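Here's model-v2.csv, which has CSV, C-alpha atoms:
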```csv
chain,number,residue,atom,x,y,z
B,47,MET,CA,89.9,-24.9,-47.2
B,48,ARG,CA,93.5,-24.6,-48.3
B,49,ALA,CA,92.5,-25.4,-51.9
B,50,THR,CA,89.7,-22.7,-51.8
B,51,ARG,CA,92.2,-20.1,-50.5
B,52,THR,CA,94.7,-21.0,-53.2
B,53,VAL,CA,92.0,-20.8,-55.9
B,54,GLY,CA,91.0,-17.4,-54.5
B,55,LEU,CA,94.6,-16.2,-54.5
B,56,LEU,CA,95.1,-17.3,-58.1
B,57,SER,CA,91.9,-15.6,-59.2
B,58,THR,CA,93.0,-12.4,-57.5
B,59,ALA,CA,96.4,-12.7,-59.1
B,60,ARG,CA,94.9,-13.2,-62.6
B,61,ARG,CA,92.8,-10.1,-62.2
B,62,PHE,CA,95.8,-8.1,-61.1
B,63,LEU,CA,97.9,-9.4,-63.9
B,64,THR,CA,95.2,-8.6,-66.4
B,65,ALA,CA,95.0,-5.1,-65.1
B,66,ALA,CA,98.8,-4.7,-65.4
B,67,VAL,CA,98.8,-6.1,-69.0
B,68,VAL,CA,96.0,-3.7,-70.0
B,69,ALA,CA,97.9,-0.8,-68.4
B,70,LEU,CA,101.1,-1.8,-70.1
B,71,THR,CA,99.3,-2.2,-73.5
B,72,ALA,CA,97.7,1.3,-73.0
B,73,ALA,CA,101.1,2.8,-72.2
B,74,ALA,CA,102.7,1.2,-75.2
B,75,GLY,CA,99.9,2.5,-77.3
B,76,VAL,CA,100.6,6.1,-76.2
B,77,VAL,CA,104.3,5.6,-77.1
B,78,VAL,CA,103.5,4.0,-80.5
B,79,THR,CA,101.0,6.8,-81.4
B,80,ALA,CA,103.4,9.7,-80.6
B,81,PRO,CA,103.6,12.2,-83.5
B,82,ALA,CA,106.0,11.0,-86.2
B,83,ALA,CA,107.3,14.6,-86.7
B,84,GLN,CA,109.1,14.5,-83.4
B,85,ALA,CA,112.0,12.2,-84.0
B,86,ALA,CA,114.0,11.2,-80.9
B,87,THR,CA,117.8,11.7,-80.7
B,88,GLU,CA,119.5,9.3,-78.4
B,89,LEU,CA,121.8,11.0,-75.9
B,90,LEU,CA,122.9,8.0,-73.8
B,91,SER,CA,122.4,4.3,-73.7
B,92,CYS,CA,123.8,2.0,-70.9
B,93,VAL,CA,123.6,-1.7,-70.0
B,94,GLY,CA,124.4,-3.3,-66.7
B,95,SER,CA,122.8,-5.1,-63.8
B,96,GLY,CA,120.2,-4.4,-61.2
B,97,ALA,CA,119.0,-5.9,-57.9
B,98,ASN,CA,115.9,-5.4,-55.7
B,99,THR,CA,115.1,-6.5,-52.2
B,100,TYR,CA,111.5,-6.4,-50.9
B,101,ASN,CA,110.1,-5.8,-47.5
B,102,PRO,CA,107.7,-7.4,-46.8
B,103,GLY,CA,108.4,-10.2,-49.3
B,104,VAL,CA,106.3,-10.1,-52.5
B,105,THR,CA,103.5,-12.6,-52.5
B,106,ALA,CA,100.6,-13.5,-54.8
B,107,GLN,CA,98.4,-10.8,-53.1
B,108,PRO,CA,99.0,-7.2,-54.2
B,109,GLU,CA,100.3,-5.0,-51.4
B,110,VAL,CA,102.4,-2.0,-50.7
B,111,VAL,CA,106.1,-3.1,-50.5
B,112,SER,CA,109.2,-1.2,-49.7
B,113,ILE,CA,111.7,-1.9,-52.5
B,114,THR,CA,115.4,-1.3,-52.1
B,115,SER,CA,116.7,-1.0,-55.7
B,116,SER,CA,120.1,-0.5,-57.2
B,117,ALA,CA,121.6,-0.6,-60.7
B,118,ASP,CA,125.2,-0.5,-62.0
B,119,TYR,CA,125.4,0.6,-65.6
B,120,ASP,CA,128.9,-0.6,-66.5
B,121,SER,CA,128.8,0.1,-70.2
B,122,CYS,CA,127.5,3.3,-71.6
B,123,ALA,CA,127.6,5.0,-75.1
B,124,SER,CA,126.7,8.6,-75.4
B,125,THR,CA,126.3,11.2,-78.1
B,126,GLY,CA,125.3,13.8,-75.6
B,127,SER,CA,128.3,13.3,-73.3
B,128,PRO,CA,130.9,10.9,-74.7
B,129,THR,CA,132.9,11.0,-71.4
B,130,ILE,CA,130.1,9.2,-69.6
B,131,THR,CA,131.0,5.5,-69.7
B,132,SER,CA,129.3,4.1,-66.5
B,133,GLY,CA,127.0,5.1,-63.7
B,134,GLY,CA,124.6,3.8,-61.1
B,135,TYR,CA,122.1,4.4,-58.4
B,136,ALA,CA,120.6,3.1,-55.2
B,137,ILE,CA,117.1,4.0,-53.9
B,138,VAL,CA,114.3,2.9,-51.6
B,139,ALA,CA,110.8,3.3,-52.9
B,140,ASN,CA,107.3,2.0,-52.2
B,141,GLY,CA,105.1,0.2,-54.8
B,142,LEU,CA,101.9,-1.7,-55.0
B,143,VAL,CA,103.2,-5.1,-56.3
B,144,SER,CA,102.5,-8.8,-56.3
B,145,CYS,CA,104.4,-11.7,-57.9
B,146,LEU,CA,102.3,-11.2,-61.0
B,147,GLY,CA,102.6,-7.4,-61.5
B,148,GLY,CA,102.3,-4.0,-60.0
B,149,GLY,CA,103.3,-0.4,-60.3
B,150,ILE,CA,105.7,2.1,-58.8
B,151,SER,CA,106.7,5.7,-59.0
B,152,ILE,CA,110.4,6.6,-58.4
B,153,THR,CA,112.7,9.5,-58.3
B,154,VAL,CA,116.3,8.4,-58.7
B,155,THR,CA,119.6,10.2,-59.0
B,156,ILE,CA,122.1,8.5,-61.1
B,157,THR,CA,125.8,9.3,-60.5
B,158,TRP,CA,128.0,9.0,-63.6
B,159,ASN,CA,131.7,8.2,-63.8
B,160,THR,CA,132.3,11.8,-64.6
B,161,GLY,CA,130.9,13.0,-61.2
B,162,GLU,CA,127.8,14.4,-63.0
B,163,THR,CA,124.3,13.4,-61.8
B,164,THR,CA,121.0,12.9,-63.6
B,165,THR,CA,117.8,13.0,-61.6
B,166,VAL,CA,114.9,11.0,-63.1
B,167,ALA,CA,111.2,11.0,-62.1
B,168,ALA,CA,109.5,7.9,-63.6
B,169,VAL,CA,106.5,5.6,-63.4
B,170,GLY,CA,107.1,1.9,-63.7
B,171,LEU,CA,105.0,-1.2,-64.5
B,172,VAL,CA,106.0,-4.6,-63.1
B,173,VAL,CA,105.1,-7.7,-65.1
B,174,LEU,CA,106.0,-11.3,-64.5
B,175,ARG,CA,107.2,-13.2,-67.5
B,176,PRO,CA,107.0,-16.9,-68.2
B,177,ALA,CA,110.6,-17.7,-67.2
B,178,ASN,CA,110.1,-16.2,-63.7
B,179,GLU,CA,111.5,-12.9,-64.8
B,180,VAL,CA,110.2,-9.8,-63.1
B,181,VAL,CA,110.3,-7.2,-65.9
B,182,VAL,CA,110.2,-3.6,-64.8
B,183,VAL,CA,109.8,-0.8,-67.4
B,184,TYR,CA,110.1,2.8,-66.2
B,185,GLN,CA,109.2,5.8,-68.4
B,186,GLY,CA,110.0,9.3,-67.2
B,187,THR,CA,111.8,12.6,-67.6
B,188,VAL,CA,115.2,13.9,-66.4
B,189,THR,CA,114.2,16.6,-63.9
B,190,ALA,CA,117.6,17.9,-62.8
B,191,GLY,CA,121.3,17.6,-63.7
B,192,ARG,CA,122.9,16.3,-66.9
B,193,PHE,CA,120.3,15.8,-69.7
B,194,THR,CA,117.6,17.9,-68.0
B,195,GLY,CA,114.3,17.7,-69.9
B,196,ALA,CA,115.2,14.5,-71.8
B,197,THR,CA,113.0,11.4,-71.9
B,198,VAL,CA,114.1,8.3,-70.0
B,199,VAL,CA,113.3,4.6,-70.4
B,200,MET,CA,114.8,2.2,-67.8
B,201,THR,CA,114.2,-1.5,-67.9
B,202,ALA,CA,115.3,-4.5,-65.8
B,203,ALA,CA,114.7,-8.2,-66.2
B,204,LEU,CA,115.1,-9.4,-62.6
B,205,LEU,CA,115.1,-13.2,-62.2
B,206,ASN,CA,112.9,-14.6,-59.4
B,207,THR,CA,115.0,-17.7,-58.4
B,208,THR,CA,112.4,-18.7,-55.8
B,209,PRO,CA,109.0,-18.5,-57.5
B,210,ALA,CA,107.3,-20.9,-55.0
B,211,GLN,CA,108.0,-18.3,-52.3
B,212,CYS,CA,105.1,-16.3,-53.9
B,213,PHE,CA,102.7,-18.7,-52.2
B,214,THR,CA,104.3,-18.5,-48.7
B,215,PRO,CA,103.8,-15.9,-46.0
B,216,GLU,CA,107.4,-14.7,-46.3
B,217,GLY,CA,107.1,-14.1,-50.1
B,218,VAL,CA,110.0,-13.4,-52.5
B,219,THR,CA,112.6,-11.1,-50.8
B,220,GLY,CA,115.0,-10.5,-53.7
B,221,THR,CA,115.5,-10.5,-57.4
B,222,SER,CA,118.5,-9.5,-59.7
B,223,GLY,CA,119.4,-9.4,-63.4
B,224,PRO,CA,120.2,-7.3,-66.4
B,225,ALA,CA,119.2,-3.6,-66.4
B,226,ASN,CA,119.5,-0.8,-68.9
B,227,ILE,CA,118.7,2.9,-69.4
B,228,THR,CA,118.2,5.0,-72.6
B,229,ILE,CA,118.0,8.8,-72.5
B,230,THR,CA,116.6,10.6,-75.5
B,231,GLU,CA,115.4,14.0,-76.5
B,232,LEU,CA,112.9,15.1,-79.1
B,233,ALA,CA,114.5,16.7,-82.1
```

Can you dump the structure from the file as structure tokens?
Amino acid sequence: MRATRTVGLLSTARRFLTAAVVALTAAAGVVVTAPAAQAATELLSCVGSGANTYNPGVTAQPEVVSITSSADYDSCASTGSPTITSGGYAIVANGLVSCLGGGISITVTITWNTGETTTVAAVGLVVLRPANEVVVVYQGTVTAGRFTGATVVMTAALLNTTPAQCFTPEGVTGTSGPANITITELA
């Protein structure tokens, strides 16, 4: 009976991952086919680190999970505001996720070293990579504060150090790793 349940979980997980990959491919296709006449001007690019905790823990079965997420961007370069050199955020959001993928919508306010803030509304796709990295790619828009109206891409490659936890009732409760953000506007 346990083997049948495991096969069922894996089958569900494969379907979920396939749907996530199709969605990611479709999203990439939209970005790739954007009109060439609208060149993007980079306003800000930052690298740093991020961490997530999950409640309940993420398992092989897709379910709604509360995600406490934070990022510290410790190295920023900006043409739109050269005084911005670092920033960060901390939020709690809900998303439909599993160890193999998922999706989440967020609204996050980033506080920069200058005291300025940037509020971003974004939709993210979560995909598991072969090295147990949980890759999250958010695409959205700055809705308030510095860079209002600009386009945002936020990415994180969060390492799952306990992949076997995916097949336990407790699930994976935390991940961490490199994170970055790029803010651009159409010229």

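If all atoms listed in the file are the atoms counted, then among B:Ile156, B:Val198, B:Val169, B:Cys145 the closest residue to B:Cys212 is B:Cys145.
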
Shell around B:Ser91 at 12 Å using only C-alpha atoms, local window under 6 positions removed, as a PyMOL selection string: chain B and resi 119-128+130-133+197-201+225-230

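Proximity to B:Thr189 at 6 Å, evaluated using only C-alpha atoms and with sequence-adjacent residues fewer than 3 positions away removed, yields B:Thr165, B:Val166, B:Thr194.
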
Distance query B:Pro224 at most 12 Å, only C-alpha atoms, self and fewer than 2 positions along chain excluded, as a list in words: Cys92, Val93, Gly94, Ser95, Gly96, Ala97, Asn98, Ser116, Ala117, Asp118, Tyr119, Asp120, Ser121, Glu179, Val180, Val181, Val182, Met200, Thr201, Ala202, Ala203, Leu204, Leu205, Thr221, Ser222, Asn226 and Ile227 of chain B

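Between atom CA of B:Ser115 and atom CA of B:Phe213 there is a distance of 22.8 Å.
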
Between atom CA of B:Ala190 and atom CA of B:Tyr135 - distance in Å to one decimal: 14.9 Å

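From atom CA of B:Gln107 back to atom CA of B:Thr208, the distance works out to 16.3 Å.
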
Pick from B:Gly161, B:Gly223, B:Pro215, B:Gly141, whichever lies nearest to B:Ser112 using all atoms listed in the file: B:Gly141

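Residues lying within 6 Å of (115.1, 2.0, -55.1). Counted over only C-alpha atoms, they are B:Ile113, B:Thr114, B:Ser115, B:Ser116, B:Ala136, B:Ile137, B:Val138, B:Ala139.
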
Who sits within 8 Å of B:Asn178, all atoms listed in the file, same chain under 5 positions skipped, as a PyMOL selection string: chain B and resi 205-207+209

Shortest interatomic distance to B:Ser144 - which of B:Val188, B:Ala167, B:Val218, B:Ala196, counting only C-alpha atoms: B:Val218

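Of the listed residues B:Ile152, B:Trp158, B:Thr99, B:Gly147, the one whose atoms come nearest to B:Leu174 is B:Gly147, with distances taken using all atoms listed in the file.
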
Of the listed residues B:Asn140, B:Thr129, B:Thr187, B:Thr214, that which approaches B:Asn159 most closely, counting all atoms listed in the file: B:Thr129

Top pick for closest residue to B:Val111, considering B:Gln211, B:Thr219, B:Glu231, B:Thr157 and counting only C-alpha atoms: B:Thr219

Mind completing stretch 116-130 of chain B with N, CA, C and O atoms? Output as a PDB file, keeping the file's coordinate frame, please?
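Output file out_29.pdb follows:
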```
ATOM      1  N   SER B 116     118.842  -1.099 -56.771  1.00  0.00           N
ATOM      2  CA  SER B 116     120.100  -0.500 -57.200  1.00  0.00           C
ATOM      3  C   SER B 116     120.386  -1.000 -58.646  1.00  0.00           C
ATOM      4  O   SER B 116     119.896  -2.040 -59.079  1.00  0.00           O
ATOM      5  N   ALA B 117     121.161  -0.189 -59.357  1.00  0.00           N
ATOM      6  CA  ALA B 117     121.600  -0.600 -60.700  1.00  0.00           C
ATOM      7  C   ALA B 117     123.010  -0.059 -60.903  1.00  0.00           C
ATOM      8  O   ALA B 117     123.368   1.033 -60.446  1.00  0.00           O
ATOM      9  N   ASP B 118     123.811  -0.883 -61.557  1.00  0.00           N
ATOM     10  CA  ASP B 118     125.200  -0.500 -62.000  1.00  0.00           C
ATOM     11  C   ASP B 118     125.190  -0.598 -63.488  1.00  0.00           C
ATOM     12  O   ASP B 118     125.068  -1.689 -64.045  1.00  0.00           O
ATOM     13  N   TYR B 119     125.310   0.568 -64.129  1.00  0.00           N
ATOM     14  CA  TYR B 119     125.400   0.600 -65.600  1.00  0.00           C
ATOM     15  C   TYR B 119     126.909   0.627 -65.903  1.00  0.00           C
ATOM     16  O   TYR B 119     127.581   1.642 -65.747  1.00  0.00           O
ATOM     17  N   ASP B 120     127.437  -0.509 -66.330  1.00  0.00           N
ATOM     18  CA  ASP B 120     128.900  -0.600 -66.500  1.00  0.00           C
ATOM     19  C   ASP B 120     129.367  -0.401 -67.926  1.00  0.00           C
ATOM     20  O   ASP B 120     130.560  -0.432 -68.193  1.00  0.00           O
ATOM     21  N   SER B 121     128.452  -0.149 -68.841  1.00  0.00           N
ATOM     22  CA  SER B 121     128.800   0.100 -70.200  1.00  0.00           C
ATOM     23  C   SER B 121     127.882   1.071 -70.864  1.00  0.00           C
ATOM     24  O   SER B 121     126.736   0.735 -71.149  1.00  0.00           O
ATOM     25  N   CYS B 122     128.349   2.296 -71.068  1.00  0.00           N
ATOM     26  CA  CYS B 122     127.500   3.300 -71.600  1.00  0.00           C
ATOM     27  C   CYS B 122     128.113   3.896 -72.913  1.00  0.00           C
ATOM     28  O   CYS B 122     129.336   3.987 -73.052  1.00  0.00           O
ATOM     29  N   ALA B 123     127.250   4.263 -73.845  1.00  0.00           N
ATOM     30  CA  ALA B 123     127.600   5.000 -75.100  1.00  0.00           C
ATOM     31  C   ALA B 123     126.793   6.218 -75.138  1.00  0.00           C
ATOM     32  O   ALA B 123     125.581   6.165 -74.896  1.00  0.00           O
ATOM     33  N   SER B 124     127.429   7.351 -75.432  1.00  0.00           N
ATOM     34  CA  SER B 124     126.700   8.600 -75.400  1.00  0.00           C
ATOM     35  C   SER B 124     127.088   9.521 -76.526  1.00  0.00           C
ATOM     36  O   SER B 124     128.268   9.707 -76.812  1.00  0.00           O
ATOM     37  N   THR B 125     126.076  10.113 -77.180  1.00  0.00           N
ATOM     38  CA  THR B 125     126.300  11.200 -78.100  1.00  0.00           C
ATOM     39  C   THR B 125     126.216  12.521 -77.432  1.00  0.00           C
ATOM     40  O   THR B 125     126.785  13.501 -77.878  1.00  0.00           O
ATOM     41  N   GLY B 126     125.479  12.554 -76.324  1.00  0.00           N
ATOM     42  CA  GLY B 126     125.300  13.800 -75.600  1.00  0.00           C
ATOM     43  C   GLY B 126     126.420  14.120 -74.639  1.00  0.00           C
ATOM     44  O   GLY B 126     126.625  15.275 -74.283  1.00  0.00           O
ATOM     45  N   SER B 127     127.189  13.134 -74.238  1.00  0.00           N
ATOM     46  CA  SER B 127     128.300  13.300 -73.300  1.00  0.00           C
ATOM     47  C   SER B 127     129.226  12.110 -73.454  1.00  0.00           C
ATOM     48  O   SER B 127     129.135  11.187 -72.655  1.00  0.00           O
ATOM     49  N   PRO B 128     130.119  12.075 -74.446  1.00  0.00           N
ATOM     50  CA  PRO B 128     130.900  10.900 -74.700  1.00  0.00           C
ATOM     51  C   PRO B 128     131.825  10.462 -73.536  1.00  0.00           C
ATOM     52  O   PRO B 128     132.295   9.333 -73.514  1.00  0.00           O
ATOM     53  N   THR B 129     132.060  11.347 -72.573  1.00  0.00           N
ATOM     54  CA  THR B 129     132.900  11.000 -71.400  1.00  0.00           C
ATOM     55  C   THR B 129     132.174  10.107 -70.426  1.00  0.00           C
ATOM     56  O   THR B 129     132.803   9.502 -69.562  1.00  0.00           O
ATOM     57  N   ILE B 130     130.843  10.022 -70.529  1.00  0.00           N
ATOM     58  CA  ILE B 130     130.100   9.200 -69.600  1.00  0.00           C
ATOM     59  C   ILE B 130     130.207   7.725 -70.114  1.00  0.00           C
ATOM     60  O   ILE B 130     129.761   7.392 -71.213  1.00  0.00           O
TER      61      ILE B 130
END
```
